[in-house]
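The file data18.txt contains compact mmCIF, C-alpha atoms:
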```
# COMPACT_ATOMS: atom_id res chain seq x y z
CA MET R 4 22.08 -11.24 15.45
CA PRO R 5 18.40 -12.08 15.73
CA VAL R 6 18.76 -15.84 15.69
CA SER R 7 16.32 -17.06 18.30
CA VAL R 8 18.18 -18.15 21.42
CA GLU R 9 14.94 -19.30 23.00
CA ASN R 10 13.98 -21.60 20.16
CA SER R 11 17.54 -22.83 19.72
CA LYS R 12 17.38 -23.86 23.38
CA ARG R 13 14.05 -25.57 22.77
CA ILE R 14 15.57 -27.59 19.93
CA PHE R 15 18.67 -28.46 21.92
CA ASP R 16 16.61 -29.56 24.93
CA ALA R 17 14.43 -31.69 22.65
CA LEU R 18 17.52 -33.39 21.18
CA LYS R 19 18.74 -34.14 24.68
CA ALA R 20 15.33 -35.47 25.67
CA ALA R 21 15.48 -37.76 22.63
CA ASP R 22 18.80 -39.11 23.97
CA VAL R 23 20.87 -37.64 21.17
CA ARG R 24 24.44 -37.81 22.50
CA LEU R 25 26.48 -36.93 19.43
CA VAL R 26 25.90 -33.93 17.20
CA SER R 27 27.84 -33.21 14.04
CA ALA R 28 27.58 -29.77 12.58
CA LEU R 29 28.88 -27.25 10.14
CA PRO R 30 28.19 -23.69 11.22
CA GLU R 31 25.64 -21.51 9.55
CA THR R 32 23.99 -18.37 10.87
CA TRP R 33 20.76 -19.96 12.08
CA LEU R 34 22.62 -22.74 13.88
CA VAL R 35 25.16 -20.70 15.88
CA HIS R 36 23.36 -20.93 19.24
CA LEU R 37 22.52 -24.59 18.78
CA ILE R 38 26.14 -25.43 18.03
CA ARG R 39 27.33 -23.39 21.02
CA MET R 40 24.86 -25.21 23.27
CA ALA R 41 26.12 -28.57 22.00
CA GLU R 42 29.69 -27.47 22.63
CA GLU R 43 28.99 -26.25 26.15
CA ASP R 44 27.07 -29.35 27.20
CA PRO R 45 29.48 -31.82 28.83
CA ASP R 46 27.24 -34.78 27.95
CA THR R 47 27.06 -34.02 24.22
CA ILE R 48 29.83 -34.91 21.79
CA LEU R 49 30.04 -32.15 19.19
CA VAL R 50 31.92 -32.85 15.95
CA ARG R 51 32.66 -29.80 13.87
CA LEU R 52 32.93 -30.91 10.26
CA ALA R 53 34.99 -29.80 7.31
CA LYS R 54 32.16 -30.84 4.97
CA GLU R 55 28.68 -32.03 5.83
CA GLU R 56 28.99 -35.40 4.10
CA GLU R 57 31.47 -36.46 6.79
CA GLY R 58 28.60 -36.17 9.25
CA VAL R 59 26.70 -38.92 7.45
CA GLY R 60 29.63 -41.30 8.03
CA ILE R 61 30.04 -40.17 11.64
CA SER R 62 26.34 -40.62 12.40
CA ALA R 63 26.25 -44.01 10.68
CA GLY R 64 29.22 -45.13 12.75
CA ALA R 65 27.68 -43.79 15.95
CA HIS R 66 24.36 -45.50 15.24
CA LEU R 67 25.93 -48.87 14.51
CA ALA R 68 27.98 -48.49 17.69
CA GLY R 69 24.80 -47.82 19.67
CA VAL R 70 24.81 -44.05 20.14
CA ARG R 71 22.06 -41.70 18.95
CA SER R 72 23.19 -38.74 16.92
CA ALA R 73 21.90 -35.85 14.84
CA MET R 74 23.28 -33.70 12.06
CA LEU R 75 22.88 -29.92 12.12
CA MET R 76 23.38 -28.34 8.75
CA GLN R 77 22.14 -25.83 6.24
CA ASN R 78 20.16 -27.12 3.28
CA HIS R 79 23.18 -26.49 1.07
CA GLY R 80 25.11 -28.82 3.34
CA PHE R 81 22.37 -31.40 2.84
CA LEU R 82 22.71 -30.94 -0.91
CA ALA R 83 26.49 -31.41 -0.57
CA SER R 84 25.96 -34.71 1.28
CA ILE R 85 23.71 -36.51 -1.19
CA ASN R 86 26.02 -39.38 -2.12
CA GLY R 87 26.70 -40.18 1.52
CA ILE R 88 22.99 -40.05 2.27
CA VAL R 89 22.18 -42.34 -0.68
CA SER R 90 25.15 -44.73 -0.60
CA LEU R 91 25.47 -45.05 3.15
CA ALA R 92 22.42 -43.85 5.08
CA LEU R 93 19.73 -45.07 2.67
CA LEU R 94 21.64 -48.10 1.36
CA TYR R 95 22.49 -49.36 4.85
CA LYS R 96 19.17 -48.32 6.43
CA ILE R 97 20.67 -45.87 8.91
CA PRO R 98 18.25 -43.85 11.08
CA LEU R 99 19.88 -40.52 10.34
CA LEU R 100 18.22 -37.57 12.05
CA MET R 101 18.91 -34.41 10.03
CA LEU R 102 18.03 -30.95 11.29
CA ILE R 103 18.31 -28.79 8.21
CA SER R 104 18.01 -25.02 8.26
CA HIS R 105 15.76 -24.21 5.35
CA ARG R 106 17.41 -21.16 3.88
CA GLY R 107 16.13 -19.65 0.66
CA ASP R 108 12.50 -20.08 1.66
CA LEU R 109 9.77 -17.63 2.76
CA GLY R 110 11.23 -14.27 3.75
CA GLU R 111 14.74 -14.93 2.42
CA ARG R 112 16.66 -11.73 1.69
CA ASP R 113 19.88 -13.35 0.39
CA PRO R 114 19.46 -14.10 -3.32
CA TRP R 115 22.24 -16.73 -3.23
CA GLN R 116 20.29 -18.90 -0.81
CA CYS R 117 17.18 -19.18 -2.95
CA GLN R 118 18.17 -21.75 -5.57
CA GLY R 119 19.07 -24.30 -2.90
CA GLY R 120 16.00 -23.30 -0.94
CA MET R 121 13.74 -24.22 -3.81
CA ALA R 122 15.61 -27.47 -4.52
CA THR R 123 15.59 -28.84 -0.98
CA ILE R 124 12.10 -30.33 -0.69
CA PRO R 125 12.07 -31.77 -4.25
CA VAL R 126 15.39 -33.51 -3.55
CA LEU R 127 14.16 -34.91 -0.22
CA ARG R 128 11.01 -36.09 -1.96
CA GLY R 129 13.01 -37.61 -4.80
CA LEU R 130 15.12 -39.58 -2.33
CA GLY R 131 12.02 -40.79 -0.50
CA ILE R 132 13.22 -39.27 2.77
CA PRO R 133 10.42 -38.36 5.21
CA HIS R 134 10.65 -34.63 5.86
CA TYR R 135 8.64 -32.25 8.00
CA PRO R 136 8.71 -28.53 8.65
CA LEU R 137 9.66 -27.25 12.07
CA ASP R 138 8.26 -23.73 12.25
CA ASP R 139 6.25 -23.60 15.45
CA PRO R 140 8.02 -23.50 18.83
CA ALA R 141 5.12 -25.41 20.35
CA HIS R 142 5.85 -28.38 18.07
CA VAL R 143 9.57 -28.63 18.64
CA GLU R 144 9.80 -31.16 21.44
CA ARG R 145 7.14 -33.52 20.11
CA ARG R 146 8.29 -33.36 16.52
CA ILE R 147 11.98 -34.01 17.27
CA SER R 148 11.02 -36.96 19.44
CA SER R 149 8.64 -38.26 16.75
CA ALA R 150 11.23 -37.84 14.00
CA GLN R 151 13.82 -39.76 16.03
CA CYS R 152 11.24 -42.47 16.71
CA LEU R 153 10.28 -42.77 13.03
CA ALA R 154 13.91 -42.87 11.91
CA GLU R 155 14.60 -45.84 14.18
CA SER R 156 11.36 -47.69 13.42
CA ALA R 157 11.59 -47.24 9.65
CA LEU R 158 15.41 -47.37 9.61
CA THR R 159 15.63 -44.36 7.37
CA PRO R 160 16.98 -40.84 7.38
CA VAL R 161 14.38 -38.29 8.50
CA ALA R 162 14.69 -34.55 7.88
CA LEU R 163 13.26 -31.71 9.93
CA LEU R 164 13.35 -28.42 8.06
CA LEU R 165 14.03 -25.60 10.50
CA GLY R 166 12.10 -22.61 9.22
CA ARG R 167 12.65 -18.88 9.45
CA GLU R 168 9.66 -18.42 11.74
CA LEU R 169 11.30 -20.67 14.30
CA MET R 170 14.94 -19.65 13.94
CA TRP R 171 14.87 -15.94 13.22
CA ASP R 172 13.43 -13.31 15.56
CA GLU R 173 12.37 -10.41 13.36
CA ALA R 174 13.52 -7.19 14.98
CA MET L 2 54.15 -55.48 -1.06
CA ARG L 3 50.82 -56.95 -2.01
CA ARG L 4 47.90 -55.61 -0.02
CA VAL L 5 46.53 -59.07 0.69
CA GLU L 6 49.88 -60.06 2.26
CA ALA L 7 49.79 -56.89 4.33
CA ILE L 8 46.24 -57.63 5.52
CA GLU L 9 47.15 -61.25 6.32
CA ALA L 10 50.14 -60.02 8.32
CA ILE L 11 48.06 -57.67 10.50
CA TYR L 12 44.99 -59.91 10.77
CA PRO L 13 45.96 -61.36 14.18
CA ASP L 14 46.49 -57.83 15.52
CA ILE L 15 43.25 -56.32 14.19
CA SER L 16 40.85 -59.26 14.42
CA GLY L 17 39.80 -58.23 17.93
CA CYS L 18 39.33 -54.59 16.91
CA VAL L 19 36.32 -52.96 15.33
CA VAL L 20 37.29 -52.80 11.65
CA VAL L 21 35.74 -50.64 8.94
CA THR L 22 36.98 -51.28 5.44
CA ILE L 23 36.38 -49.65 2.09
CA MET L 24 34.67 -51.48 -0.71
CA GLY L 25 35.91 -53.73 -3.44
CA ALA L 26 39.30 -55.39 -3.35
CA THR L 27 40.18 -54.35 0.20
CA ALA L 28 36.89 -55.67 1.58
CA ALA L 29 37.24 -58.93 -0.34
CA GLU L 30 40.82 -59.43 0.84
CA LEU L 31 39.95 -58.82 4.49
CA TYR L 32 36.97 -61.16 4.09
CA SER L 33 39.25 -63.83 2.60
CA CYS L 34 41.27 -63.81 5.85
CA GLY L 35 38.12 -64.67 7.80
CA HIS L 36 34.91 -62.74 8.42
CA ARG L 37 34.09 -61.58 11.94
CA PRO L 38 31.02 -59.81 13.37
CA ASN L 39 33.20 -56.83 14.30
CA PHE L 40 34.10 -56.20 10.65
CA PHE L 41 32.10 -53.72 8.57
CA TYR L 42 32.54 -53.59 4.80
CA LEU L 43 31.46 -50.20 3.47
CA GLU L 44 30.49 -51.29 -0.01
CA HIS L 45 29.85 -47.79 -1.38
CA ALA L 46 30.03 -44.16 -0.21
CA MET L 47 33.68 -43.73 -1.16
CA GLY L 48 35.53 -41.57 1.30
CA LEU L 49 33.31 -42.18 4.30
CA ALA L 50 35.05 -45.20 5.89
CA SER L 51 37.30 -42.82 7.84
CA SER L 52 34.29 -40.77 8.95
CA MET L 53 32.49 -43.93 10.08
CA GLY L 54 35.58 -44.93 12.01
CA LEU L 55 35.59 -41.53 13.69
CA GLY L 56 31.90 -41.84 14.61
CA ILE L 57 32.45 -45.28 16.12
CA ALA L 58 35.62 -44.24 17.93
CA LEU L 59 33.88 -41.23 19.51
CA ALA L 60 30.77 -43.24 20.37
CA ARG L 61 32.72 -46.15 21.87
CA PRO L 62 35.96 -44.96 23.48
CA ASP L 63 36.30 -48.44 25.01
CA GLN L 64 36.80 -50.03 21.58
CA LYS L 65 39.86 -49.93 19.35
CA VAL L 66 38.75 -48.98 15.85
CA VAL L 67 40.77 -49.72 12.72
CA VAL L 68 39.88 -48.19 9.35
CA LEU L 69 41.22 -49.82 6.18
CA ASP L 70 41.15 -47.03 3.62
CA GLY L 71 42.54 -46.57 0.12
CA ASP L 72 44.23 -43.73 -1.72
CA GLY L 73 41.23 -43.14 -3.98
CA SER L 74 38.83 -43.02 -1.04
CA ALA L 75 41.11 -40.87 1.11
CA LEU L 76 41.52 -38.39 -1.75
CA MET L 77 37.73 -38.08 -1.95
CA ASN L 78 37.47 -36.98 1.68
CA LEU L 79 40.67 -35.07 2.43
CA GLY L 80 38.80 -32.73 4.77
CA THR L 81 38.28 -35.58 7.17
CA PHE L 82 42.02 -35.64 7.98
CA THR L 83 41.48 -32.26 9.63
CA THR L 84 38.41 -33.53 11.49
CA LEU L 85 40.33 -36.60 12.69
CA ALA L 86 43.21 -34.41 13.85
CA ARG L 87 40.82 -32.03 15.58
CA TYR L 88 39.07 -34.67 17.69
CA CYS L 89 42.06 -36.99 17.80
CA PRO L 90 40.32 -40.10 19.18
CA PRO L 91 43.05 -42.13 20.90
CA ASN L 92 41.31 -45.39 19.94
CA LEU L 93 41.43 -44.94 16.16
CA VAL L 94 43.98 -46.34 13.71
CA HIS L 95 43.62 -45.09 10.15
CA ILE L 96 45.37 -47.36 7.66
CA ILE L 97 45.58 -46.24 4.03
CA PHE L 98 46.63 -48.72 1.38
CA ASP L 99 48.09 -46.59 -1.39
CA ASN L 100 48.33 -48.42 -4.71
CA GLU L 101 48.30 -45.13 -6.64
CA SER L 102 45.33 -46.43 -8.56
CA LEU L 103 41.56 -46.70 -8.69
CA LEU L 104 42.10 -50.41 -9.13
CA SER L 105 38.59 -51.71 -8.58
CA VAL L 106 37.21 -49.59 -11.40
CA GLY L 107 39.89 -50.31 -13.99
CA GLY L 108 43.21 -49.11 -12.64
CA PHE L 109 43.13 -45.40 -13.40
CA PRO L 110 46.05 -43.62 -11.69
CA THR L 111 45.25 -41.39 -8.71
CA ALA L 112 47.10 -38.22 -7.72
CA THR L 113 49.40 -40.20 -5.41
CA SER L 114 50.94 -41.59 -8.64
CA THR L 115 52.03 -38.08 -9.55
CA GLY L 116 53.52 -37.14 -6.23
CA SER L 117 50.67 -36.27 -3.84
CA ASP L 118 51.74 -37.59 -0.47
CA LEU L 119 48.95 -38.84 1.81
CA ALA L 120 51.26 -39.21 4.80
CA GLY L 121 52.37 -35.62 4.30
CA ILE L 122 48.77 -34.48 4.01
CA ALA L 123 47.84 -36.34 7.21
CA ARG L 124 50.80 -34.76 9.03
CA ALA L 125 50.01 -31.30 7.74
CA ALA L 126 46.38 -31.75 8.82
CA GLY L 127 47.66 -32.09 12.37
CA ILE L 128 47.82 -35.85 12.94
CA GLU L 129 50.94 -36.45 15.01
CA GLN L 130 51.50 -40.18 14.63
CA VAL L 131 51.95 -40.81 10.91
CA THR L 132 53.96 -43.73 9.54
CA SER L 133 54.77 -44.75 5.98
CA SER L 134 55.59 -48.29 5.11
CA ASN L 135 56.79 -50.14 2.02
CA ASP L 136 57.26 -53.68 3.29
CA VAL L 137 55.21 -56.22 5.19
CA ALA L 138 57.44 -56.46 8.26
CA SER L 139 57.59 -52.73 8.97
CA PHE L 140 53.88 -52.40 8.20
CA ARG L 141 52.99 -55.16 10.67
CA ASP L 142 55.17 -53.55 13.33
CA ALA L 143 53.58 -50.13 12.73
CA VAL L 144 50.06 -51.55 12.98
CA ARG L 145 50.92 -53.59 16.07
CA SER L 146 52.22 -50.55 17.96
CA ALA L 147 49.36 -48.36 16.73
CA VAL L 148 46.75 -50.87 17.95
CA GLN L 149 48.43 -51.02 21.36
CA ALA L 150 49.01 -47.27 21.66
CA ARG L 151 46.56 -44.77 23.13
CA SER L 152 46.82 -42.21 20.37
CA LEU L 153 45.33 -41.54 16.96
CA SER L 154 47.59 -42.81 14.23
CA CYS L 155 47.68 -42.90 10.47
CA ILE L 156 49.67 -45.53 8.59
CA VAL L 157 50.17 -45.20 4.85
CA ALA L 158 51.23 -48.46 3.19
CA LYS L 159 52.47 -48.41 -0.39
CA VAL L 160 51.09 -51.54 -2.05
CA ASP L 161 51.10 -53.05 -5.52
CA ALA L 162 48.12 -52.36 -7.75
CA ILE L 163 46.96 -55.97 -7.65
CA GLY L 164 43.49 -57.06 -6.59
CA PRO L 165 42.10 -60.42 -5.53
CA LYS L 166 41.18 -63.07 -8.10
CA SER L 167 37.68 -63.13 -6.69
CA PHE L 168 35.60 -60.38 -5.15
CA HIS L 169 33.15 -62.96 -3.83
CA MET L 170 31.88 -62.34 -0.31
CA ASP L 171 29.17 -64.55 1.12
CA VAL L 172 27.75 -61.86 3.37
CA THR L 173 25.06 -59.51 2.12
CA LEU L 174 25.30 -55.82 2.74
CA LEU L 175 22.42 -55.59 5.21
CA GLU L 176 23.34 -58.85 6.91
CA ASN L 177 26.77 -57.30 7.59
CA ARG L 178 25.14 -54.09 8.82
CA PHE L 179 22.83 -55.77 11.32
CA GLU L 180 25.46 -58.24 12.50
CA PHE L 181 27.90 -55.38 13.10
CA HIS L 182 25.27 -53.40 15.03
CA ARG L 183 24.46 -56.52 17.06
CA TYR L 184 28.15 -56.88 17.92
CA PHE L 185 27.98 -53.63 19.90
CA LYS L 186 24.66 -54.55 21.53
CA ASN L 187 26.18 -57.83 22.68
CA LEU L 188 29.18 -56.00 24.12
CA ASP L 189 26.81 -53.99 26.29
CA THR L 190 24.95 -57.09 27.40
CA GLU L 191 28.23 -58.82 28.26
CA ASN L 192 29.33 -55.77 30.20
CA GLY L 193 26.08 -55.83 32.16
CA ALA L 194 25.03 -52.42 30.88
CA GLY L 195 21.75 -53.89 29.73
CA GLU L 196 19.76 -53.07 26.64
CA GLY L 197 17.22 -50.34 26.17
CA PRO L 198 13.53 -51.08 25.74
```
Rewrite the coordinates I just gave you, this time as structure tokens.
Amino acid sequence: MPVSVENSKRIFDALKAADVRLVSALPETWLVHLIRMAEEDPDTILVRLAKEEEGVGISAGAHLAGVRSAMLMQNHGFLASINGIVSLALLYKIPLLMLISHRGDLGERDPWQCQGGMATIPVLRGLGIPHYPLDDPAHVERRISSAQCLAESALTPVALLLGRELMWDEA
Amino acid sequence: MRRVEAIEAIYPDISGCVVVTIMGATAAELYSCGHRPNFFYLEHAMGLASSMGLGIALARPDQKVVVLDGDGSALMNLGTFTTLARYCPPNLVHIIFDNESLLSVGGFPTATSTGSDLAGIARAAGIEQVTSSNDVASFRDAVRSAVQARSLSCIVAKVDAIGPKSFHMDVTLLENRFEFHRYFKNLDTENGAGEGP
């Protein structure tokens, strides 16, 4: 499976450097290494979800209780979480850091991913959620730290869209 | 039993806990017993009170967390029973007031009115300590032992579909949010852990 182990490690190390101690996740192909790394790290609390929207509640609770967290999910999981994001994270000004694998974008071979892929950025824009691509390994550490910083200063969810060029090593 | 009587009966046992309650009637009835900085009223996002409780319980194992949920909200987030059972935080008490009705929006019957059994669902999801209660005395006893125990528990209380006369709460949503967040910061200061920059 050509999911990039190296870049997954970069992302995980950047989350740790940003003092993220709790990670909630629902598996998807691009996230398998990241989730495994979170599971194997004794200092990270990994919560495997039944549905992504639960992660919004878990992160909101963790934030209010003083612990930094992040959500790892596919863009379809983001789309499945919209009410939680609107009626909890946005309404209550929760600094929710979302790492969203941007399936259905450039280079996508699975037709079923594409509708959600095309909807993701317009929905983020419609919700007024700051969102940035994460495609270049060289940007990973700085951008995750900056996104975490912005989320806490602006008290808002912030999305980083993990792109194919970062997550998928073409054979 | 009436839910407000049930909440009044457990108030002394839960007032020192971190409490997350669902919106509407349940929030207003807890508020009417006396607001505290360790109470969070989730005024929207139906279904996520239990998830918030899980996030708090995992983030702060030193705190006892009590979630006041409802049948309508629990039915909207059934998957979370499996997540609760999976991580099984020993400091979480999940209370579900089941009035078989979406009372706050006009009293439409929920699926618990036609036989769906939330205690059975919780048990089947893998939660070991599940109690059902139909009267104030047994409910208070169940909550008291759950708050003192070191294990995840779920308590389903059958209550009448009666809400409060007034939903008035003199605490704004964001005021509640920041006060609740501050409660945890103050705990750290009191414990000498210090605050970040």
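Minimum atom-to-atom distances from L:Asp136, L:Glu191, L:Asp70, L:Asp63 to Ile23 of chain L were compared using all atoms listed in the file, and the lowest value belongs to L:Asp70.
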With a cut-off of 8 Å and counting all atoms listed in the file, select all residues of chain R in contact with chain L and give the selection as a ChimeraX atom specification.
-> /R:25,48,50-54,57-70,86-87,90-91,95
Report, as lines of an AutoDock Vina configuration file, the centre and edge lengths in Å (one decimal) of the axis-aligned box enclosing every listed atom of segment 138-154 of chain L, padded by 4 Å on each side.
```
center_x = 51.5
center_y = -49.0
center_z = 15.7
size_x = 20.3
size_y = 22.9
size_z = 22.9
```
Here atom CA of Pro110 of chain L and atom CA of Ser133 of chain L stand apart by 19.7 Å
Leu137 of chain R proximity check over R:Cys117, R:Leu169, R:Val161, R:Val8, using all atoms listed in the file: winner is R:Leu169
Fewer than 6 positions away in the same chain doesn't count, so skip those; otherwise give me all residues within 9 Å of Arg24 of chain R, counting all atoms listed in the file, as a PyMOL selection string.
(chain R and resi 18+46-49+70-73) or (chain L and resi 60)
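Here the question is which of L:Pro62, L:Pro38, L:Gly73, L:Pro90 gets nearest to Ser102 of chain L using only C-alpha atoms, and that residue is L:Gly73.
Of the listed residues R:Val6, R:Leu102, R:Leu82, R:Val143, the one whose atoms come nearest to Ala122 of chain R is R:Leu82, with distances taken using only C-alpha atoms.
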Notebook entry, point to check: Any idea what's packed within 7 Å of His105 of chain R, counting all atoms listed in the file, ignoring anything in its chain fewer than 3 positions away? Could you give it as a list in words?
Noted result: Gln77, Asn78, Asp108, Gly120, Leu164, Leu165 and Gly166 of chain R
Write the residues you've just listed into a file as a tab-separated table (two decimals), in the frame of the given file, and include C-alpha atoms for each of them.
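Here's the written file selection_2.tsv:
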```tsv
chain	number	residue	atom	x	y	z
R	77	GLN	CA	22.14	-25.83	6.24
R	78	ASN	CA	20.16	-27.12	3.28
R	108	ASP	CA	12.50	-20.08	1.66
R	120	GLY	CA	16.00	-23.30	-0.94
R	164	LEU	CA	13.35	-28.42	8.06
R	165	LEU	CA	14.03	-25.60	10.50
R	166	GLY	CA	12.10	-22.61	9.22
```
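Interatomic distance, atom CA of Arg124 of chain L against atom CA of Cys155 of chain L: 8.8 Å.
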The distance between atom CA of Ser11 of chain R and atom CA of Gly80 of chain R is 19.0 Å
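Proximity to Leu31 of chain L was assessed for L:Asn192, L:Thr132, L:Val157, L:Phe168 counting only C-alpha atoms; the smallest distance is recorded for L:Phe168.
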So which residues touch segment 143-152 of chain L within 6 Å, counting only C-alpha atoms, skipping near sequence neighbours fewer than 2 positions away, as number ranges by chain? L: 91, 140-141
- Query: If we count only C-alpha atoms, what is near Ser148 of chain R at a cut-off of 12 Å, once residues fewer than 4 positions away on the same chain are taken out, given as a ChimeraX atom specification?
  - Reply: /R:14-23,73,100,142-144,152-155,161,163
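Distance annotation: of L:Ala29, L:Cys89, L:Ile128, L:Met77, the residue with the minimal separation from Lys166 of chain L is L:Ala29; atom set is all atoms listed in the file.
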From the structure block, carefully write segment 73-93 of chain L out with N, CA and C atoms; format it as an mmCIF file, in the first residue's frame.
```
data_model
loop_
_atom_site.group_PDB
_atom_site.id
_atom_site.type_symbol
_atom_site.label_atom_id
_atom_site.label_comp_id
_atom_site.auth_asym_id
_atom_site.auth_seq_id
_atom_site.Cartn_x
_atom_site.Cartn_y
_atom_site.Cartn_z
ATOM 1 N N GLY L 73 -34.076 11.102 23.099
ATOM 2 C CA GLY L 73 -33.972 11.634 21.737
ATOM 3 C C GLY L 73 -32.528 11.856 21.332
ATOM 4 N N SER L 74 -31.740 12.423 22.250
ATOM 5 C CA SER L 74 -30.328 12.675 21.958
ATOM 6 C C SER L 74 -29.550 11.378 21.847
ATOM 7 N N ALA L 75 -29.797 10.445 22.760
ATOM 8 C CA ALA L 75 -29.067 9.176 22.725
ATOM 9 C C ALA L 75 -29.364 8.427 21.422
ATOM 10 N N LEU L 76 -30.626 8.491 20.991
ATOM 11 C CA LEU L 76 -30.986 7.794 19.747
ATOM 12 C C LEU L 76 -30.283 8.409 18.538
ATOM 13 N N MET L 77 -29.931 9.685 18.629
ATOM 14 C CA MET L 77 -29.235 10.333 17.512
ATOM 15 C C MET L 77 -27.770 9.954 17.420
ATOM 16 N N ASN L 78 -27.228 9.363 18.485
ATOM 17 C CA ASN L 78 -25.795 9.049 18.491
ATOM 18 C C ASN L 78 -25.576 7.679 19.121
ATOM 19 N N LEU L 79 -26.296 6.683 18.594
ATOM 20 C CA LEU L 79 -26.210 5.336 19.171
ATOM 21 C C LEU L 79 -24.803 4.759 19.062
ATOM 22 N N GLY L 80 -24.088 5.150 18.009
ATOM 23 C CA GLY L 80 -22.734 4.624 17.812
ATOM 24 C C GLY L 80 -21.835 4.923 18.992
ATOM 25 N N THR L 81 -22.122 6.022 19.676
ATOM 26 C CA THR L 81 -21.241 6.428 20.764
ATOM 27 C C THR L 81 -21.291 5.445 21.935
ATOM 28 N N PHE L 82 -22.377 4.673 22.063
ATOM 29 C CA PHE L 82 -22.390 3.637 23.112
ATOM 30 C C PHE L 82 -21.220 2.679 22.890
ATOM 31 N N THR L 83 -20.953 2.365 21.626
ATOM 32 C CA THR L 83 -19.859 1.424 21.345
ATOM 33 C C THR L 83 -18.508 2.071 21.612
ATOM 34 N N THR L 84 -18.421 3.388 21.359
ATOM 35 C CA THR L 84 -17.156 4.087 21.636
ATOM 36 C C THR L 84 -16.942 4.186 23.147
ATOM 37 N N LEU L 85 -18.011 4.481 23.885
ATOM 38 C CA LEU L 85 -17.907 4.536 25.351
ATOM 39 C C LEU L 85 -17.470 3.180 25.893
ATOM 40 N N ALA L 86 -18.090 2.115 25.395
ATOM 41 C CA ALA L 86 -17.755 0.774 25.883
ATOM 42 C C ALA L 86 -16.310 0.424 25.535
ATOM 43 N N ARG L 87 -15.865 0.875 24.384
ATOM 44 C CA ARG L 87 -14.517 0.539 23.920
ATOM 45 C C ARG L 87 -13.443 1.167 24.803
ATOM 46 N N TYR L 88 -13.643 2.439 25.160
ATOM 47 C CA TYR L 88 -12.617 3.139 25.953
ATOM 48 C C TYR L 88 -12.931 3.104 27.436
ATOM 49 N N CYS L 89 -14.180 2.875 27.765
ATOM 50 C CA CYS L 89 -14.593 2.530 29.124
ATOM 51 C C CYS L 89 -13.978 3.413 30.217
ATOM 52 N N PRO L 90 -14.059 4.739 30.092
ATOM 53 C CA PRO L 90 -13.423 5.584 31.111
ATOM 54 C C PRO L 90 -14.087 5.347 32.481
ATOM 55 N N PRO L 91 -13.289 5.015 33.482
ATOM 56 C CA PRO L 91 -13.861 4.653 34.784
ATOM 57 C C PRO L 91 -14.459 5.847 35.522
ATOM 58 N N ASN L 92 -14.218 7.054 34.981
ATOM 59 C CA ASN L 92 -14.676 8.274 35.662
ATOM 60 C C ASN L 92 -15.889 8.887 34.968
ATOM 61 N N LEU L 93 -16.620 8.101 34.208
ATOM 62 C CA LEU L 93 -17.772 8.642 33.465
ATOM 63 C C LEU L 93 -19.073 7.944 33.868
#
```
